[in-house]
Amino acid sequence: MNVRATMVFIDLTGSTAAYEALGNAQVADVISKVTQWIGRVCEAHEGRTVKFLGDGVLAQFSRSAKAVESAIFLQQSHTERLEKWPEPLRMRLKIGMASGDVVQRDYDVYGDPVNLAARLSDMAGANGIWADEGVIAELRQDREAAVKSGHLEPGVMDAARYRSLGMINVRGLTEPRSIFQIEWSEDVTTDLMTVRGMLPEAQRAGAGSGGSIALAWFGTTRVFTAAQLPVVIGRIPDSGFVVKDQRVSRSHARLEFINGAFVLTDLSSFGTWVRFSENPDAEVQLRRNDCVLH
């Protein structure tokens, strides 16, 4: 049976390290309890648990608003709970969701939204919620309909905050997709929509080949001309620009000069954040993708 649905994939991060630190029995018990709780939360938000996949859960929702509401509740509640847990057990959530037509056979679901939700969960990383354009479009439609009818109730439709990450290449898909990051932390302040930083084509063409870019970390500053690129930024001494910080991956990011513009590509384990001076309160998160620097 073909149906329209929003598919949500919720996965636990750090389970391998937890098994190594605490042993199979204890960690398996915790994962089982957490995934069962995730399933109950989804069902409480009018969703359906399709299946449990090791340390992950696939859920199906008829409305994107309920899927987003469920994902935000999961991140907020789980993060608060982890503060009381021992460090090795602090397995965080990464959530991906996609909306579209799926094929429902018995209790299982198949289709592009299922695969895309799983890919976005992996790309979102710990504490992240990534959604495709279909989810955001449904949120907007539901809100517009509620405003017209005069029945806009307090909830995710009038409070959800999200930012565009632009067109992102998703592994296994031939065409890039328009992806959004949904913000769930009450401590985060940002615009409702922050467009991924892109340099206008005219500026790119005029940049020429004689440009340069300065990289600085504490007391170290280096200037690279376009001809000296690409350069890798990372923690290991062999990096073109070394940043000795445990939060930085061994090979963290690559800086290139492409078609008259400086392009930063994330190579790290947990992502790279880019902040543009014209909008200092908003950040673009890169997960194995790139952006053009101004």
# chains A, B, ... in the order shown; residues from 1 in each chain; ligands from 1
call {"tool": "select_by_dssp", "arguments": {"residues": "segment 49-291 of chain A", "states": "helix (DSSP H, G or I)", "output": "number ranges by chain"}}
result
A: 64-82, 87-89, 112-124, 133-149, 156-159, 201-207, 226-228
call {"tool": "residues_around", "arguments": {"residues": "segment 93-102 of chain A", "least_positions_apart": "5", "cutoff": "7 Å", "atoms": "only C-alpha atoms", "output": "ChimeraX atom specification"}}
result
/A:2-13,75,109-111,113,116-118,120-122,124-132,134-135
call {"tool": "select_by_dssp", "arguments": {"residues": "segment 58-191 of chain A", "states": "strand (DSSP E or B)", "output": "NGL selection string"}}
result
:A and (58-61 or 93-105 or 108-110 or 129-132 or 161-168 or 177-183)
call {"tool": "atom_distance", "arguments": {"atom1": "atom CA of Ala25 of chain A", "atom2": "atom CA of Lys51 of chain A"}}
result
21.8 Å
call {"tool": "residues_around", "arguments": {"residues": "Arg90 of chain A", "least_positions_apart": "5", "cutoff": "8 Å", "atoms": "only C-alpha atoms", "output": "list in words"}}
result
Gly14, Leu82 and Trp85 of chain A
call {"tool": "residues_around", "arguments": {"residues": "Ser15 of chain A", "least_positions_apart": "2", "cutoff": "12 Å", "atoms": "only C-alpha atoms", "output": "PyMOL selection string"}}
result
chain A and resi 11-13+17-24+26-32+34+54-56+87-93+126
call {"tool": "atom_distance", "arguments": {"atom1": "atom CA of Gly271 of chain A", "atom2": "atom CA of Val50 of chain A"}}
result
29.3 Å
call {"tool": "residues_around", "arguments": {"residues": "Trp217 of chain A", "least_positions_apart": "6", "cutoff": "10 Å", "atoms": "only C-alpha atoms", "output": "PyMOL selection string"}}
result
chain A and resi 241-244
call {"tool": "residues_around", "arguments": {"residues": "segment 38-42 of chain A", "least_positions_apart": "2", "cutoff": "10 Å", "atoms": "only C-alpha atoms", "output": "JSON, numbers by chain"}}
result
{"A": [8, 10, 11, 32, 33, 34, 35, 36, 44, 45, 46, 47, 48, 49, 50, 51, 52, 56, 57, 58, 59, 60, 61, 66, 67, 69, 70, 71, 73, 74, 78]}
call {"tool": "write_last_selection", "arguments": {"atoms": "N, CA and C atoms", "output": "PDB file, in the first residue's frame"}}
result
ATOM      1  N   VAL A   8      11.232   8.754  10.392  1.00  0.00           N
ATOM      2  CA  VAL A   8      12.214   9.276  11.339  1.00  0.00           C
ATOM      3  C   VAL A   8      13.124   8.141  11.793  1.00  0.00           C
ATOM      4  N   ILE A  10      16.086   7.324  14.462  1.00  0.00           N
ATOM      5  CA  ILE A  10      16.760   7.772  15.686  1.00  0.00           C
ATOM      6  C   ILE A  10      17.827   6.749  16.052  1.00  0.00           C
ATOM      7  N   ASP A  11      19.059   7.218  16.190  1.00  0.00           N
ATOM      8  CA  ASP A  11      20.169   6.301  16.454  1.00  0.00           C
ATOM      9  C   ASP A  11      20.961   6.783  17.658  1.00  0.00           C
ATOM     10  N   SER A  32      18.697  -1.288  25.186  1.00  0.00           N
ATOM     11  CA  SER A  32      17.341  -1.831  25.051  1.00  0.00           C
ATOM     12  C   SER A  32      16.315  -0.926  25.724  1.00  0.00           C
ATOM     13  N   LYS A  33      16.642  -0.446  26.926  1.00  0.00           N
ATOM     14  CA  LYS A  33      15.712   0.419  27.649  1.00  0.00           C
ATOM     15  C   LYS A  33      15.532   1.764  26.937  1.00  0.00           C
ATOM     16  N   VAL A  34      16.635   2.319  26.400  1.00  0.00           N
ATOM     17  CA  VAL A  34      16.558   3.608  25.723  1.00  0.00           C
ATOM     18  C   VAL A  34      15.750   3.488  24.431  1.00  0.00           C
ATOM     19  N   THR A  35      16.013   2.461  23.641  1.00  0.00           N
ATOM     20  CA  THR A  35      15.289   2.311  22.374  1.00  0.00           C
ATOM     21  C   THR A  35      13.799   2.034  22.618  1.00  0.00           C
ATOM     22  N   GLN A  36      13.480   1.281  23.651  1.00  0.00           N
ATOM     23  CA  GLN A  36      12.068   1.058  23.987  1.00  0.00           C
ATOM     24  C   GLN A  36      11.404   2.368  24.394  1.00  0.00           C
ATOM     25  N   ALA A  44       3.558   8.120  21.530  1.00  0.00           N
ATOM     26  CA  ALA A  44       2.818   9.137  22.280  1.00  0.00           C
ATOM     27  C   ALA A  44       2.597  10.401  21.451  1.00  0.00           C
ATOM     28  N   HIS A  45       3.416  10.580  20.411  1.00  0.00           N
ATOM     29  CA  HIS A  45       3.270  11.730  19.512  1.00  0.00           C
ATOM     30  C   HIS A  45       2.608  11.320  18.193  1.00  0.00           C
ATOM     31  N   GLU A  46       1.756  10.310  18.260  1.00  0.00           N
ATOM     32  CA  GLU A  46       0.953   9.836  17.125  1.00  0.00           C
ATOM     33  C   GLU A  46       1.789   9.183  16.035  1.00  0.00           C
ATOM     34  N   GLY A  47       2.953   8.663  16.400  1.00  0.00           N
ATOM     35  CA  GLY A  47       3.782   7.935  15.457  1.00  0.00           C
ATOM     36  C   GLY A  47       3.632   6.441  15.628  1.00  0.00           C
ATOM     37  N   ARG A  48       4.315   5.702  14.772  1.00  0.00           N
ATOM     38  CA  ARG A  48       4.299   4.239  14.846  1.00  0.00           C
ATOM     39  C   ARG A  48       5.732   3.718  14.772  1.00  0.00           C
ATOM     40  N   THR A  49       6.085   2.866  15.705  1.00  0.00           N
ATOM     41  CA  THR A  49       7.403   2.248  15.679  1.00  0.00           C
ATOM     42  C   THR A  49       7.405   1.157  14.622  1.00  0.00           C
ATOM     43  N   VAL A  50       8.207   1.356  13.571  1.00  0.00           N
ATOM     44  CA  VAL A  50       8.265   0.371  12.490  1.00  0.00           C
ATOM     45  C   VAL A  50       9.131  -0.803  12.895  1.00  0.00           C
ATOM     46  N   LYS A  51      10.340  -0.504  13.409  1.00  0.00           N
ATOM     47  CA  LYS A  51      11.230  -1.579  13.849  1.00  0.00           C
ATOM     48  C   LYS A  51      12.391  -1.026  14.653  1.00  0.00           C
ATOM     49  N   PHE A  52      12.976  -1.921  15.428  1.00  0.00           N
ATOM     50  CA  PHE A  52      14.188  -1.626  16.184  1.00  0.00           C
ATOM     51  C   PHE A  52      15.368  -2.222  15.430  1.00  0.00           C
ATOM     52  N   GLY A  56      19.212   1.568  17.100  1.00  0.00           N
ATOM     53  CA  GLY A  56      18.428   2.572  16.388  1.00  0.00           C
ATOM     54  C   GLY A  56      16.959   2.204  16.331  1.00  0.00           C
ATOM     55  N   VAL A  57      16.115   3.209  16.008  1.00  0.00           N
ATOM     56  CA  VAL A  57      14.672   3.020  15.914  1.00  0.00           C
ATOM     57  C   VAL A  57      14.174   3.716  14.650  1.00  0.00           C
ATOM     58  N   LEU A  58      13.370   3.027  13.860  1.00  0.00           N
ATOM     59  CA  LEU A  58      12.717   3.615  12.695  1.00  0.00           C
ATOM     60  C   LEU A  58      11.246   3.817  13.039  1.00  0.00           C
ATOM     61  N   ALA A  59      10.781   5.062  12.888  1.00  0.00           N
ATOM     62  CA  ALA A  59       9.387   5.387  13.224  1.00  0.00           C
ATOM     63  C   ALA A  59       8.707   6.068  12.042  1.00  0.00           C
ATOM     64  N   GLN A  60       7.392   5.950  12.000  1.00  0.00           N
ATOM     65  CA  GLN A  60       6.596   6.503  10.910  1.00  0.00           C
ATOM     66  C   GLN A  60       5.538   7.441  11.481  1.00  0.00           C
ATOM     67  N   PHE A  61       5.392   8.619  10.852  1.00  0.00           N
ATOM     68  CA  PHE A  61       4.400   9.604  11.283  1.00  0.00           C
ATOM     69  C   PHE A  61       3.559  10.017  10.077  1.00  0.00           C
ATOM     70  N   LYS A  66       4.149  16.390  13.997  1.00  0.00           N
ATOM     71  CA  LYS A  66       4.268  15.449  15.107  1.00  0.00           C
ATOM     72  C   LYS A  66       5.645  14.784  15.128  1.00  0.00           C
ATOM     73  N   ALA A  67       6.207  14.538  13.950  1.00  0.00           N
ATOM     74  CA  ALA A  67       7.542  13.942  13.878  1.00  0.00           C
ATOM     75  C   ALA A  67       8.579  14.898  14.466  1.00  0.00           C
ATOM     76  N   GLU A  69       7.986  17.408  16.554  1.00  0.00           N
ATOM     77  CA  GLU A  69       7.688  17.542  17.983  1.00  0.00           C
ATOM     78  C   GLU A  69       8.274  16.384  18.772  1.00  0.00           C
ATOM     79  N   SER A  70       8.163  15.182  18.242  1.00  0.00           N
ATOM     80  CA  SER A  70       8.711  13.999  18.892  1.00  0.00           C
ATOM     81  C   SER A  70      10.235  14.069  18.955  1.00  0.00           C
ATOM     82  N   ALA A  71      10.874  14.464  17.844  1.00  0.00           N
ATOM     83  CA  ALA A  71      12.336  14.532  17.803  1.00  0.00           C
ATOM     84  C   ALA A  71      12.880  15.552  18.786  1.00  0.00           C
ATOM     85  N   PHE A  73      11.394  16.619  21.557  1.00  0.00           N
ATOM     86  CA  PHE A  73      11.189  16.084  22.913  1.00  0.00           C
ATOM     87  C   PHE A  73      12.255  15.047  23.245  1.00  0.00           C
ATOM     88  N   LEU A  74      12.575  14.176  22.293  1.00  0.00           N
ATOM     89  CA  LEU A  74      13.589  13.148  22.525  1.00  0.00           C
ATOM     90  C   LEU A  74      14.942  13.769  22.846  1.00  0.00           C
ATOM     91  N   HIS A  78      16.440  13.380  26.594  1.00  0.00           N
ATOM     92  CA  HIS A  78      17.596  12.490  26.678  1.00  0.00           C
ATOM     93  C   HIS A  78      18.839  13.248  27.122  1.00  0.00           C
TER      94      HIS A  78
END
call {"tool": "closest_residue", "arguments": {"among": "A:Glu133, A:Asp266, A:Ser249, A:Asp106", "to": "Pro237 of chain A", "atoms": "only C-alpha atoms"}}
result
A:Ser249
call {"tool": "residues_around", "arguments": {"residues": "Thr272 of chain A", "least_positions_apart": "2", "cutoff": "12 Å", "atoms": "only C-alpha atoms", "output": "PyMOL selection string"}}
result
chain A and resi 123-125+233-234+247-249+251-254+264-270+274-275+283-291
call {"tool": "write_last_selection", "arguments": {"atoms": "C-alpha atoms", "output": "short mmCIF file (atom, residue, chain, number, x, y, z; two decimals), in the first residue's frame"}}
result
data_model
loop_
_atom_site.label_atom_id
_atom_site.label_comp_id
_atom_site.auth_asym_id
_atom_site.auth_seq_id
_atom_site.Cartn_x
_atom_site.Cartn_y
_atom_site.Cartn_z
CA MET A 123 25.12 12.96 8.89
CA ALA A 124 23.43 14.92 11.68
CA GLY A 125 25.80 13.50 14.28
CA ILE A 233 43.66 21.77 8.77
CA GLY A 234 44.14 19.20 11.53
CA ARG A 247 38.28 18.78 19.77
CA VAL A 248 39.98 18.87 16.37
CA SER A 249 40.27 15.68 14.32
CA SER A 251 42.57 15.66 9.57
CA HIS A 252 39.72 18.03 10.30
CA ALA A 253 38.99 20.11 7.20
CA ARG A 254 40.35 20.86 3.73
CA LEU A 264 36.01 24.62 3.16
CA THR A 265 35.26 20.87 3.25
CA ASP A 266 34.66 18.97 6.49
CA LEU A 267 36.78 15.82 6.97
CA SER A 268 36.26 15.41 10.71
CA SER A 269 34.65 12.84 12.97
CA PHE A 270 32.07 15.14 14.54
CA VAL A 274 31.30 27.97 10.24
CA ARG A 275 30.24 31.42 11.41
CA GLU A 283 26.34 28.92 12.48
CA VAL A 284 26.46 26.53 9.54
CA GLN A 285 27.28 22.96 10.51
CA LEU A 286 29.22 20.89 8.00
CA ARG A 287 29.10 17.09 8.10
CA ARG A 288 31.28 15.68 5.34
CA ASN A 289 30.15 18.46 3.03
CA ASP A 290 31.43 21.92 2.10
CA CYS A 291 30.60 25.61 1.97
#
call {"tool": "closest_residue", "arguments": {"among": "A:Gln104, A:Ser64, A:Gln76, A:Ser239", "to": "Glu183 of chain A", "atoms": "only C-alpha atoms"}}
result
A:Gln76
call {"tool": "closest_residue", "arguments": {"among": "A:Thr225, A:Met1, A:Ile179, A:Glu43", "to": "Tyr107 of chain A", "atoms": "only C-alpha atoms"}}
result
A:Met1
call {"tool": "atom_distance", "arguments": {"atom1": "atom CA of Val170 of chain A", "atom2": "atom CA of Trp273 of chain A"}}
result
18.6 Å
